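Source file: data_25.csv; contents: CSV, C-alpha atoms.
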chain,number,residue,atom,x,y,z
A,27,MET,CA,-30.9,-19.3,0.2
A,28,ARG,CA,-32.6,-16.0,-0.4
A,29,ARG,CA,-30.7,-13.1,1.0
A,30,LYS,CA,-32.4,-10.7,3.4
A,31,ILE,CA,-31.5,-7.5,1.6
A,32,PRO,CA,-33.8,-4.5,0.9
A,33,SER,CA,-34.3,-3.3,-2.6
A,34,THR,CA,-31.5,-1.2,-4.0
A,35,SER,CA,-33.8,1.6,-4.9
A,36,ALA,CA,-35.0,1.9,-1.3
A,37,LEU,CA,-31.4,2.0,-0.1
A,38,VAL,CA,-30.4,4.7,-2.6
A,39,SER,CA,-33.4,6.8,-1.6
A,40,PHE,CA,-32.7,6.3,2.1
A,41,GLU,CA,-29.0,7.2,1.8
A,42,SER,CA,-29.8,10.4,-0.1
A,43,ALA,CA,-32.6,11.4,2.3
A,44,ALA,CA,-30.3,10.7,5.3
A,45,ARG,CA,-27.4,12.7,3.8
A,46,HIS,CA,-29.7,15.7,3.2
A,47,GLU,CA,-32.0,15.0,6.1
A,48,SER,CA,-34.7,16.0,3.7
A,49,PHE,CA,-37.1,13.9,1.5
A,50,THR,CA,-37.5,16.9,-0.8
A,51,LYS,CA,-33.8,17.3,-1.5
A,52,ALA,CA,-33.4,13.6,-2.0
A,53,ALA,CA,-36.3,13.7,-4.5
A,54,GLN,CA,-34.5,16.5,-6.4
A,55,GLU,CA,-31.2,14.7,-6.4
A,56,LEU,CA,-32.6,11.4,-7.7
A,57,SER,CA,-35.1,13.0,-10.1
A,58,LEU,CA,-38.1,11.4,-8.3
A,59,THR,CA,-41.2,12.8,-6.7
A,60,GLN,CA,-41.3,13.4,-2.9
A,61,SER,CA,-44.1,10.9,-2.6
A,62,ALA,CA,-41.9,8.3,-4.3
A,63,ILE,CA,-39.1,8.9,-1.8
A,64,CYS,CA,-41.6,8.6,1.1
A,65,ARG,CA,-42.9,5.3,-0.2
A,66,GLN,CA,-39.3,3.9,-0.6
A,67,ILE,CA,-38.3,4.8,2.9
A,68,ALA,CA,-41.6,3.6,4.4
A,69,SER,CA,-41.1,0.3,2.7
A,70,LEU,CA,-37.5,0.1,4.0
A,71,GLU,CA,-38.7,0.8,7.5
A,72,ASP,CA,-41.4,-1.9,7.2
A,73,PHE,CA,-38.7,-4.3,6.0
A,74,LEU,CA,-36.3,-3.5,8.8
A,75,GLY,CA,-39.0,-3.1,11.5
A,76,VAL,CA,-37.1,0.1,12.6
A,77,GLU,CA,-38.1,3.8,12.4
A,78,LEU,CA,-35.4,5.6,10.4
A,79,PHE,CA,-36.9,9.1,10.5
A,80,LYS,CA,-39.1,11.1,12.8
A,81,ARG,CA,-41.8,12.9,10.8
A,82,SER,CA,-43.3,16.2,11.8
A,83,ARG,CA,-45.0,19.2,10.1
A,84,ARG,CA,-41.7,20.9,9.9
A,85,GLY,CA,-40.0,18.1,8.1
A,86,VAL,CA,-38.1,14.9,9.0
A,87,LYS,CA,-35.3,14.2,11.5
A,88,ILE,CA,-33.2,11.1,11.2
A,89,THR,CA,-33.2,8.8,14.2
A,90,ASP,CA,-30.1,7.4,15.9
A,91,ALA,CA,-30.8,4.0,14.3
A,92,GLY,CA,-31.3,5.7,11.0
A,93,LEU,CA,-28.0,7.6,11.3
A,94,SER,CA,-26.0,4.5,12.1
A,95,TYR,CA,-27.6,2.5,9.3
A,96,SER,CA,-27.1,5.3,6.8
A,97,ARG,CA,-23.4,5.4,7.4
A,98,ARG,CA,-23.1,1.7,6.7
A,99,VAL,CA,-25.3,1.8,3.7
A,100,ALA,CA,-23.3,4.7,2.3
A,101,LEU,CA,-20.1,2.7,2.5
A,102,GLN,CA,-21.6,-0.3,0.8
A,103,LEU,CA,-23.2,1.9,-2.0
A,104,ASP,CA,-19.8,3.6,-2.5
A,105,ALA,CA,-18.1,0.2,-2.9
A,106,VAL,CA,-20.8,-1.0,-5.4
A,107,GLU,CA,-20.3,2.2,-7.4
A,108,ARG,CA,-16.5,1.8,-7.5
A,109,ASP,CA,-16.8,-1.8,-8.6
A,110,THR,CA,-19.4,-0.9,-11.2
A,111,LEU,CA,-17.3,1.9,-12.7
A,112,SER,CA,-14.3,-0.4,-12.6
A,113,ILE,CA,-15.9,-3.1,-14.6
A,114,MET,CA,-17.4,-0.6,-17.0
A,115,GLY,CA,-14.0,0.9,-17.6
A,116,GLN,CA,-12.3,-2.4,-18.3
A,117,GLN,CA,-14.1,-3.0,-21.7
A,118,GLY,CA,-12.4,-6.4,-22.2
A,119,SER,CA,-9.1,-5.5,-20.7
A,120,SER,CA,-7.5,-7.5,-17.9
A,121,VAL,CA,-7.1,-6.0,-14.4
A,122,ILE,CA,-4.4,-7.0,-11.9
A,123,GLU,CA,-4.8,-6.1,-8.2
A,124,LEU,CA,-1.3,-5.9,-6.9
A,125,ALA,CA,-0.3,-5.5,-3.2
A,126,VAL,CA,3.1,-3.9,-2.9
A,127,VAL,CA,5.4,-2.7,-0.2
A,128,PRO,CA,5.0,1.1,-0.2
A,129,THR,CA,8.5,2.6,-0.9
A,130,PHE,CA,9.5,-0.1,-3.4
A,131,GLY,CA,6.2,0.6,-5.2
A,132,THR,CA,6.6,4.4,-5.4
A,133,GLN,CA,10.4,4.7,-5.8
A,134,TRP,CA,11.2,1.7,-8.0
A,135,LEU,CA,8.1,0.2,-9.6
A,136,LEU,CA,6.0,3.2,-10.6
A,137,PRO,CA,8.8,5.0,-12.6
A,138,ARG,CA,9.0,1.8,-14.8
A,139,LEU,CA,5.3,1.2,-15.2
A,140,LYS,CA,4.9,3.5,-18.2
A,141,ASP,CA,7.0,0.9,-20.2
A,142,PHE,CA,4.6,-1.9,-19.1
A,143,GLN,CA,1.6,0.2,-20.1
A,144,MET,CA,3.1,0.9,-23.5
A,145,ARG,CA,3.9,-2.7,-24.1
A,146,HIS,CA,0.6,-4.1,-22.7
A,147,PRO,CA,-2.2,-1.6,-22.9
A,148,GLU,CA,-4.7,-4.4,-22.5
A,149,VAL,CA,-3.6,-4.9,-18.9
A,150,THR,CA,-4.6,-2.5,-16.1
A,151,LEU,CA,-2.5,-2.6,-12.9
A,152,ASN,CA,-3.9,-1.4,-9.7
A,153,LEU,CA,-1.5,-0.9,-6.7
A,154,THR,CA,-2.4,-1.0,-3.0
A,155,ASN,CA,0.1,-0.7,-0.1
A,156,ARG,CA,0.7,-3.8,2.0
A,157,THR,CA,3.7,-4.1,4.3
A,158,ARG,CA,3.2,-7.7,5.5
A,159,PRO,CA,2.0,-11.1,4.1
A,160,PHE,CA,-1.7,-11.9,4.1
A,161,LEU,CA,-4.1,-14.6,3.0
A,162,PHE,CA,-4.9,-14.2,-0.7
A,163,ALA,CA,-8.1,-16.0,-0.1
A,164,ASP,CA,-9.3,-13.2,2.2
A,165,THR,CA,-8.6,-10.4,-0.2
A,166,ASP,CA,-9.1,-9.4,-3.9
A,167,PHE,CA,-5.4,-9.3,-4.6
A,168,ASP,CA,-4.1,-11.2,-7.6
A,169,ALA,CA,-0.4,-10.9,-6.6
A,170,ALA,CA,2.0,-9.2,-4.2
A,171,ILE,CA,5.4,-7.7,-4.1
A,172,TYR,CA,7.0,-8.1,-0.7
A,173,PHE,CA,10.4,-8.3,1.0
A,174,GLY,CA,11.2,-11.6,2.7
A,175,ASP,CA,12.4,-15.1,2.3
A,176,ALA,CA,9.6,-16.2,-0.1
A,177,ASP,CA,8.1,-18.5,2.5
A,178,TRP,CA,4.4,-17.7,1.7
A,179,PRO,CA,2.2,-20.8,1.7
A,180,GLY,CA,0.1,-21.4,-1.4
A,181,THR,CA,2.1,-19.1,-3.6
A,182,ARG,CA,4.9,-19.2,-6.2
A,183,ALA,CA,7.7,-16.8,-5.7
A,184,TYR,CA,9.7,-14.9,-8.4
A,185,ARG,CA,12.8,-13.3,-7.0
A,186,LEU,CA,13.4,-9.8,-8.1
A,187,MET,CA,16.4,-8.2,-6.2
A,188,SER,CA,18.2,-7.9,-2.9
A,189,GLU,CA,18.0,-4.8,-0.7
A,190,ASN,CA,21.7,-4.1,0.2
A,191,PRO,CA,21.0,-1.1,2.5
A,192,MET,CA,23.8,1.4,3.3
A,193,PRO,CA,24.1,4.0,6.0
A,194,VAL,CA,22.9,7.3,4.7
A,195,CYS,CA,22.5,10.7,6.4
A,196,ALA,CA,22.2,14.4,5.8
A,197,PRO,CA,25.4,16.1,4.4
A,198,ALA,CA,25.9,18.0,7.7
A,199,PHE,CA,26.6,14.7,9.5
A,200,LEU,CA,29.8,14.2,7.5
A,201,ASN,CA,31.2,17.4,8.9
A,202,GLY,CA,33.4,17.9,5.8
A,203,GLN,CA,34.6,14.2,5.5
A,204,ASP,CA,34.0,12.0,2.5
A,205,ARG,CA,32.8,9.1,4.7
A,206,LEU,CA,32.3,7.9,8.2
A,207,ASP,CA,33.7,4.7,9.7
A,208,ALA,CA,31.6,2.3,11.7
A,209,GLU,CA,32.9,3.7,15.0
A,210,GLN,CA,31.8,7.3,14.0
A,211,ILE,CA,28.4,6.1,12.9
A,212,ALA,CA,27.9,4.3,16.2
A,213,LEU,CA,28.1,7.7,18.0
A,214,LEU,CA,25.2,9.1,15.9
A,215,PRO,CA,21.5,8.7,16.5
A,216,LEU,CA,20.5,5.4,14.8
A,217,LEU,CA,17.2,5.5,12.9
A,218,GLN,CA,15.6,2.1,13.2
A,219,GLN,CA,13.1,0.4,10.8
A,220,THR,CA,10.2,-1.5,12.4
A,221,THR,CA,10.3,-4.4,9.9
A,222,ARG,CA,14.1,-4.7,10.1
A,223,PRO,CA,14.7,-4.6,13.8
A,224,TYR,CA,18.2,-6.2,13.7
A,225,ALA,CA,19.5,-4.3,10.7
A,226,TRP,CA,22.0,-2.1,12.5
A,227,ARG,CA,23.2,-4.9,14.6
A,228,GLN,CA,23.9,-7.0,11.5
A,229,TRP,CA,25.6,-4.1,9.8
A,230,PHE,CA,27.9,-3.4,12.8
A,231,ASN,CA,28.7,-7.1,13.1
A,232,ASP,CA,29.7,-7.1,9.4
A,233,CYS,CA,32.1,-4.3,10.3
A,234,GLN,CA,33.3,-6.2,13.3
A,235,VAL,CA,32.2,-3.4,15.7
A,236,GLN,CA,30.3,-4.0,18.9
A,237,VAL,CA,27.7,-1.3,19.7
A,238,PRO,CA,25.6,-1.8,22.8
A,239,ARG,CA,23.0,0.7,21.6
A,240,ASP,CA,22.6,-0.8,18.1
A,241,MET,CA,18.9,-1.4,18.6
A,242,THR,CA,18.0,1.9,20.2
A,243,GLY,CA,16.6,4.9,18.5
A,244,PRO,CA,13.3,6.0,17.0
A,245,ARG,CA,11.5,3.4,14.8
A,246,TYR,CA,9.7,4.0,11.5
A,247,GLU,CA,7.8,1.5,9.4
A,248,LEU,CA,8.7,2.7,5.9
A,249,PHE,CA,11.9,3.5,4.2
A,250,SER,CA,10.3,6.7,3.0
A,251,MET,CA,9.9,7.7,6.7
A,252,LEU,CA,13.5,6.8,7.4
A,253,ALA,CA,14.6,8.9,4.5
A,254,GLN,CA,12.7,12.0,5.6
A,255,ALA,CA,14.0,11.6,9.2
A,256,ALA,CA,17.5,11.4,7.9
A,257,ILE,CA,17.1,14.4,5.6
A,258,HIS,CA,15.9,16.4,8.6
A,259,GLU,CA,19.1,15.5,10.5
A,260,MET,CA,17.4,13.2,13.0
A,261,GLY,CA,20.0,10.5,12.6
A,262,VAL,CA,21.6,8.0,10.2
A,263,ALA,CA,19.5,5.3,8.5
A,264,LEU,CA,20.2,2.1,6.7
A,265,ILE,CA,18.4,2.4,3.3
A,266,PRO,CA,18.9,0.7,0.0
A,267,PRO,CA,20.4,3.4,-2.3
A,268,PHE,CA,18.0,2.4,-5.2
A,269,LEU,CA,15.1,3.6,-3.1
A,270,ILE,CA,16.5,7.1,-2.5
A,271,GLN,CA,18.1,7.8,-5.9
A,272,ARG,CA,16.5,11.3,-6.2
A,273,GLU,CA,17.5,12.3,-2.7
A,274,LEU,CA,21.1,11.2,-3.3
A,275,GLU,CA,21.2,13.0,-6.7
A,276,GLU,CA,19.9,16.2,-5.2
A,277,GLY,CA,22.3,16.0,-2.3
A,278,ARG,CA,19.7,15.9,0.4
A,279,LEU,CA,21.1,12.6,1.5
A,280,VAL,CA,24.6,11.2,1.2
A,281,ILE,CA,26.1,7.7,1.7
A,282,ALA,CA,27.9,7.8,5.0
A,283,ASN,CA,29.7,4.5,4.5
A,284,SER,CA,29.6,2.3,1.3
A,285,HIS,CA,29.6,-1.0,3.2
A,286,ALA,CA,26.3,-2.7,2.2
A,287,LEU,CA,24.4,-5.1,4.4
A,288,THR,CA,23.7,-8.3,2.6
A,289,SER,CA,20.9,-10.6,3.3
A,290,LEU,CA,19.3,-13.9,2.1
A,291,LYS,CA,16.0,-12.1,2.0
A,292,ALA,CA,14.9,-10.2,-1.2
A,293,TYR,CA,12.0,-8.6,-3.0
A,294,HIS,CA,9.8,-11.2,-4.6
A,295,LEU,CA,6.7,-11.2,-6.8
A,296,MET,CA,4.3,-13.6,-5.1
A,297,ILE,CA,1.5,-15.2,-7.2
A,298,PRO,CA,-1.1,-17.7,-5.7
A,299,GLU,CA,-0.6,-21.1,-7.2
A,300,ARG,CA,-4.2,-21.1,-8.5
A,301,LYS,CA,-3.5,-18.0,-10.6
A,302,THR,CA,0.0,-18.8,-12.0
A,303,ALA,CA,-1.6,-19.8,-15.4
A,304,THR,CA,-3.4,-16.4,-15.7
A,305,VAL,CA,-2.2,-14.8,-18.9
A,306,SER,CA,-2.1,-11.2,-17.6
A,307,LEU,CA,-0.1,-12.3,-14.5
A,308,GLN,CA,2.3,-14.2,-16.6
A,309,THR,CA,2.8,-11.2,-18.8
A,310,PHE,CA,3.3,-8.9,-15.8
A,311,GLY,CA,5.6,-11.3,-14.0
A,312,ASN,CA,7.8,-11.8,-17.1
A,313,TRP,CA,8.1,-8.0,-17.6
A,314,LEU,CA,8.8,-7.4,-13.9
A,315,VAL,CA,11.6,-10.1,-13.7
A,316,GLU,CA,13.1,-8.7,-16.9
A,317,GLN,CA,13.1,-5.2,-15.3
A,318,ALA,CA,14.7,-6.5,-12.2
A,319,GLN,CA,17.4,-8.3,-14.1
A,320,ARG,CA,18.3,-5.2,-16.0
A,321,PHE,CA,18.6,-3.3,-12.8
A,322,LYS,CA,22.0,-4.4,-11.5
A,323,LEU,CA,23.0,-3.5,-7.9
A,324,PRO,CA,26.7,-3.5,-7.2
A,325,HIS,CA,26.3,-5.7,-4.0
A,326,ASP,CA,23.5,-8.0,-5.2
A,327,LYS,CA,24.5,-11.6,-4.5
A,328,ALA,CA,21.8,-13.1,-6.6
Would you kindly transcribe this structure into structure tokens?
Amino acid sequence: MRRKIPSTSALVSFESAARHESFTKAAQELSLTQSAICRQIASLEDFLGVELFKRSRRGVKITDAGLSYSRRVALQLDAVERDTLSIMGQQGSSVIELAVVPTFGTQWLLPRLKDFQMRHPEVTLNLTNRTRPFLFADTDFDAAIYFGDADWPGTRAYRLMSENPMPVCAPAFLNGQDRLDAEQIALLPLLQQTTRPYAWRQWFNDCQVQVPRDMTGPRYELFSMLAQAAIHEMGVALIPPFLIQRELEEGRLVIANSHALTSLKAYHLMIPERKTATVSLQTFGNWLVEQAQRFKLPHDKA
């Protein structure tokens, strides 16, 4: 079926003229004559059956319909340009579009990616934040790193590591002590994580302490947000130490209690079944699992 799409040259001319609200400036930008711009836009208006500009002796003024259409066209042209530059830049290399949970991506994965680049310069890895599972068929992602139980239909899971969060806080909260027991922590503001709503309850249960307010307190979606809130003395947070190594080394955060919360859930690399034979994904997956195995956590039950 033939698509009902205007010519690309007409859309480019229109977007430029709409942005400048001037046929003359659009002609200068595109190295065309003003009459060529006029013809392109007139043909687009005929195609659409909609007036995009009001013409007068003093110039042109974009209509409401033209303004609305120009915004949509600009977004689509930007997307086409990005895709074009991306494919031009590949020059025979393989590209992996990876969805990754944000803090894990920035704090653990990115510091190790130089090693992958050096070993496999033929593979380009693009990272995009995603905090929850999605349908691969509805996206351009080739794989994902997420935290959960690996129950993701249509995918193959590669286990990386557990989380093992511990209570952390600003040094001032210790008040000169080396550590705080569970009862002392229960008296402090508890910073909650949106995606781990029962974490504090589970931690206190492990310590055999009943805390009525274990699910109260401000909620944040990302570990990086929890860390910043804890640094600014807003409360105590349950965070995996490997995600805040720099903050711990610099003394901005301290471990309030070394009891780690264990869980059956873990970080996994998820690859759609239909892509498991892709060479670049196999290469990345093998490297990632190797990196995770090298990184030993003291409380990891894997």
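With distances taken over all atoms listed in the file, A:Ala68 is the one residue among A:Leu93, A:Ala62, A:Ala68, A:Ala292 lying closest to Arg81 in chain A.
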> In terms of the shortest atom-to-atom distance over all atoms listed in the file, which of A:Leu37, A:Ala282, A:Ala255, A:Leu111 is closest to Phe199 in chain A?
Replying inline: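 Closest candidate: A:Ala282.
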>> Just want the 12 Å neighbourhood of Ile265 in chain A, counted on all atoms listed in the file, with same-chain residues fewer than 3 positions away dropped. Output as a PyMOL selection string.
In response: chain A and resi 129-130+189-195+217-219+222+225-226+229+248-256+262+268-271+273-274+279-288
> So which residues touch Leu139 in chain A within 12 Å, counting only C-alpha atoms, skipping near sequence neighbours fewer than 2 positions away, as number ranges by chain?
Replying inline: A: 131-137, 141-147, 149-153, 310, 313-314, 317
> What's the 12 Å shell around Gly92 in chain A, counting only C-alpha atoms, without same-chain residues fewer than 4 positions away, as a list in words?
Replying inline: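 Contacts, with the query itself left out: Leu37, Phe40, Glu41, Ala43, Ala44, Arg45, Glu47, Ile67, Leu70, Glu71, Leu74, Gly75, Val76, Glu77, Leu78, Phe79, Lys80, Val86, Lys87, Ile88, Ser96, Arg97, Arg98, Val99 and Ala100 of chain A.
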> Which distance in Å separates CA of Ser69 in chain A and CA of Ser39 in chain A, to one decimal?
Replying inline: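 Computed distance, CA of Ser69 in chain A to CA of Ser39 in chain A, equals 11.0 Å.
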Per-residue nearest contacts range 73-161 of chain A to range 233-247 of chain A, cut-off 12 Å, using all atoms listed in the file, as a Markdown table:
| residue | atom | partner | partner_atom | distance |
| --- | --- | --- | --- | --- |
| A:Val127 | CA | A:Glu247 | CA | 10.7 |
| A:Pro128 | CA | A:Glu247 | CA | 10.0 |
| A:Thr129 | CA | A:Glu247 | CA | 10.4 |
| A:Arg156 | CA | A:Glu247 | CA | 11.5 |
| A:Thr157 | CA | A:Glu247 | CA | 8.6 |
| A:Arg158 | CA | A:Glu247 | CA | 11.0 |
>> One decimal, in Å: what's the spacing between CA of Lys301 in chain A and CA of Ile171 in chain A?
In response: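 Taking CA of Lys301 in chain A as the start and CA of Ile171 in chain A as the end point, the length is 15.1 Å.
In this structure, CA of Glu276 in chain A sits 20.1 Å away from CA of Leu206 in chain A.
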> When distances are computed from only C-alpha atoms, which of A:Glu148, A:Glu123, A:Glu55, A:Glu209 shows the smallest separation from Phe167 in chain A?
Replying inline: A:Glu123
> Which residue out of A:Ala170, A:Met187, A:Leu124, A:Leu58 has the minimum interatomic distance to Pro266 in chain A when only C-alpha atoms are used?
Replying inline: A:Met187
>> Please determine, counting only C-alpha atoms, which residue among A:Gln319, A:Ser94, A:Ser82, A:Thr89 has the shortest atom-to-atom distance to Ser188 in chain A.
In response: A:Gln319
>> Just checking: using all atoms listed in the file, which residue out of A:Phe173, A:Glu316, A:Ala183, A:Thr309 ends up closest to Thr221 in chain A?
In response: A:Phe173
Would it be fine to have range 120-145 of chain A, with N, CA, C and O atoms, given as an mmCIF file, in the first residue's frame?
data_model
loop_
_atom_site.group_PDB
_atom_site.id
_atom_site.type_symbol
_atom_site.label_atom_id
_atom_site.label_comp_id
_atom_site.auth_asym_id
_atom_site.auth_seq_id
_atom_site.Cartn_x
_atom_site.Cartn_y
_atom_site.Cartn_z
ATOM 1 N N SER A 120 28.921 -3.343 14.866
ATOM 2 C CA SER A 120 27.655 -3.794 15.432
ATOM 3 C C SER A 120 27.235 -2.836 16.540
ATOM 4 O O SER A 120 28.070 -2.355 17.310
ATOM 5 N N VAL A 121 25.943 -2.566 16.620
ATOM 6 C CA VAL A 121 25.419 -1.657 17.638
ATOM 7 C C VAL A 121 24.441 -2.414 18.516
ATOM 8 O O VAL A 121 23.570 -3.128 18.028
ATOM 9 N N ILE A 122 24.596 -2.262 19.838
ATOM 10 C CA ILE A 122 23.679 -2.860 20.800
ATOM 11 C C ILE A 122 22.950 -1.742 21.524
ATOM 12 O O ILE A 122 23.578 -0.863 22.119
ATOM 13 N N GLU A 123 21.628 -1.773 21.458
ATOM 14 C CA GLU A 123 20.810 -0.834 22.213
ATOM 15 C C GLU A 123 20.429 -1.519 23.530
ATOM 16 O O GLU A 123 19.672 -2.482 23.543
ATOM 17 N N LEU A 124 20.982 -1.003 24.626
ATOM 18 C CA LEU A 124 20.807 -1.648 25.927
ATOM 19 C C LEU A 124 19.989 -0.784 26.870
ATOM 20 O O LEU A 124 20.322 0.376 27.109
ATOM 21 N N ALA A 125 18.916 -1.335 27.409
ATOM 22 C CA ALA A 125 18.153 -0.679 28.471
ATOM 23 C C ALA A 125 18.762 -1.095 29.802
ATOM 24 O O ALA A 125 19.063 -2.278 30.011
ATOM 25 N N VAL A 126 18.958 -0.148 30.693
ATOM 26 C CA VAL A 126 19.637 -0.478 31.950
ATOM 27 C C VAL A 126 19.042 0.332 33.090
ATOM 28 O O VAL A 126 18.659 1.490 32.909
ATOM 29 N N VAL A 127 18.928 -0.289 34.262
ATOM 30 C CA VAL A 127 18.465 0.455 35.431
ATOM 31 C C VAL A 127 19.514 1.521 35.751
ATOM 32 O O VAL A 127 20.719 1.247 35.728
ATOM 33 N N PRO A 128 19.085 2.751 36.043
ATOM 34 C CA PRO A 128 19.983 3.911 36.026
ATOM 35 C C PRO A 128 21.210 3.832 36.923
ATOM 36 O O PRO A 128 22.334 4.005 36.449
ATOM 37 N N THR A 129 21.031 3.600 38.227
ATOM 38 C CA THR A 129 22.177 3.674 39.126
ATOM 39 C C THR A 129 23.171 2.559 38.856
ATOM 40 O O THR A 129 24.388 2.763 38.902
ATOM 41 N N PHE A 130 22.681 1.368 38.568
ATOM 42 C CA PHE A 130 23.570 0.259 38.212
ATOM 43 C C PHE A 130 24.377 0.621 36.965
ATOM 44 O O PHE A 130 25.576 0.342 36.886
ATOM 45 N N GLY A 131 23.708 1.241 36.003
ATOM 46 C CA GLY A 131 24.390 1.616 34.770
ATOM 47 C C GLY A 131 25.497 2.630 34.991
ATOM 48 O O GLY A 131 26.606 2.487 34.466
ATOM 49 N N THR A 132 25.220 3.658 35.780
ATOM 50 C CA THR A 132 26.204 4.719 35.964
ATOM 51 C C THR A 132 27.295 4.353 36.969
ATOM 52 O O THR A 132 28.458 4.715 36.786
ATOM 53 N N GLN A 133 26.927 3.627 38.025
ATOM 54 C CA GLN A 133 27.874 3.371 39.105
ATOM 55 C C GLN A 133 28.673 2.078 38.936
ATOM 56 O O GLN A 133 29.799 1.982 39.427
ATOM 57 N N TRP A 134 28.097 1.075 38.285
ATOM 58 C CA TRP A 134 28.819 -0.194 38.165
ATOM 59 C C TRP A 134 29.224 -0.496 36.722
ATOM 60 O O TRP A 134 30.373 -0.854 36.456
ATOM 61 N N LEU A 135 28.296 -0.358 35.783
ATOM 62 C CA LEU A 135 28.583 -0.755 34.405
ATOM 63 C C LEU A 135 29.519 0.214 33.692
ATOM 64 O O LEU A 135 30.526 -0.201 33.095
ATOM 65 N N LEU A 136 29.205 1.498 33.717
ATOM 66 C CA LEU A 136 29.992 2.466 32.954
ATOM 67 C C LEU A 136 31.479 2.469 33.309
ATOM 68 O O LEU A 136 32.323 2.555 32.409
ATOM 69 N N PRO A 137 31.850 2.390 34.602
ATOM 70 C CA PRO A 137 33.289 2.364 34.909
ATOM 71 C C PRO A 137 34.029 1.165 34.315
ATOM 72 O O PRO A 137 35.259 1.182 34.235
ATOM 73 N N ARG A 138 33.311 0.132 33.890
ATOM 74 C CA ARG A 138 33.940 -1.067 33.330
ATOM 75 C C ARG A 138 33.874 -1.125 31.807
ATOM 76 O O ARG A 138 34.496 -2.007 31.201
ATOM 77 N N LEU A 139 33.136 -0.234 31.196
ATOM 78 C CA LEU A 139 32.907 -0.326 29.756
ATOM 79 C C LEU A 139 34.151 -0.027 28.920
ATOM 80 O O LEU A 139 34.241 -0.471 27.769
ATOM 81 N N LYS A 140 35.097 0.693 29.479
ATOM 82 C CA LYS A 140 36.330 0.940 28.724
ATOM 83 C C LYS A 140 37.012 -0.377 28.385
ATOM 84 O O LYS A 140 37.563 -0.548 27.289
ATOM 85 N N ASP A 141 36.974 -1.321 29.327
ATOM 86 C CA ASP A 141 37.571 -2.636 29.087
ATOM 87 C C ASP A 141 36.878 -3.330 27.918
ATOM 88 O O ASP A 141 37.532 -3.930 27.050
ATOM 89 N N PHE A 142 35.543 -3.248 27.882
ATOM 90 C CA PHE A 142 34.801 -3.874 26.784
ATOM 91 C C PHE A 142 35.141 -3.205 25.459
ATOM 92 O O PHE A 142 35.318 -3.880 24.438
ATOM 93 N N GLN A 143 35.222 -1.875 25.460
ATOM 94 C CA GLN A 143 35.542 -1.151 24.229
ATOM 95 C C GLN A 143 36.920 -1.534 23.704
ATOM 96 O O GLN A 143 37.115 -1.678 22.493
ATOM 97 N N MET A 144 37.877 -1.693 24.610
ATOM 98 C CA MET A 144 39.234 -2.044 24.199
ATOM 99 C C MET A 144 39.280 -3.457 23.626
ATOM 100 O O MET A 144 39.990 -3.725 22.660
ATOM 101 N N ARG A 145 38.496 -4.360 24.223
ATOM 102 C CA ARG A 145 38.503 -5.741 23.749
ATOM 103 C C ARG A 145 37.696 -5.917 22.458
ATOM 104 O O ARG A 145 38.037 -6.741 21.620
#
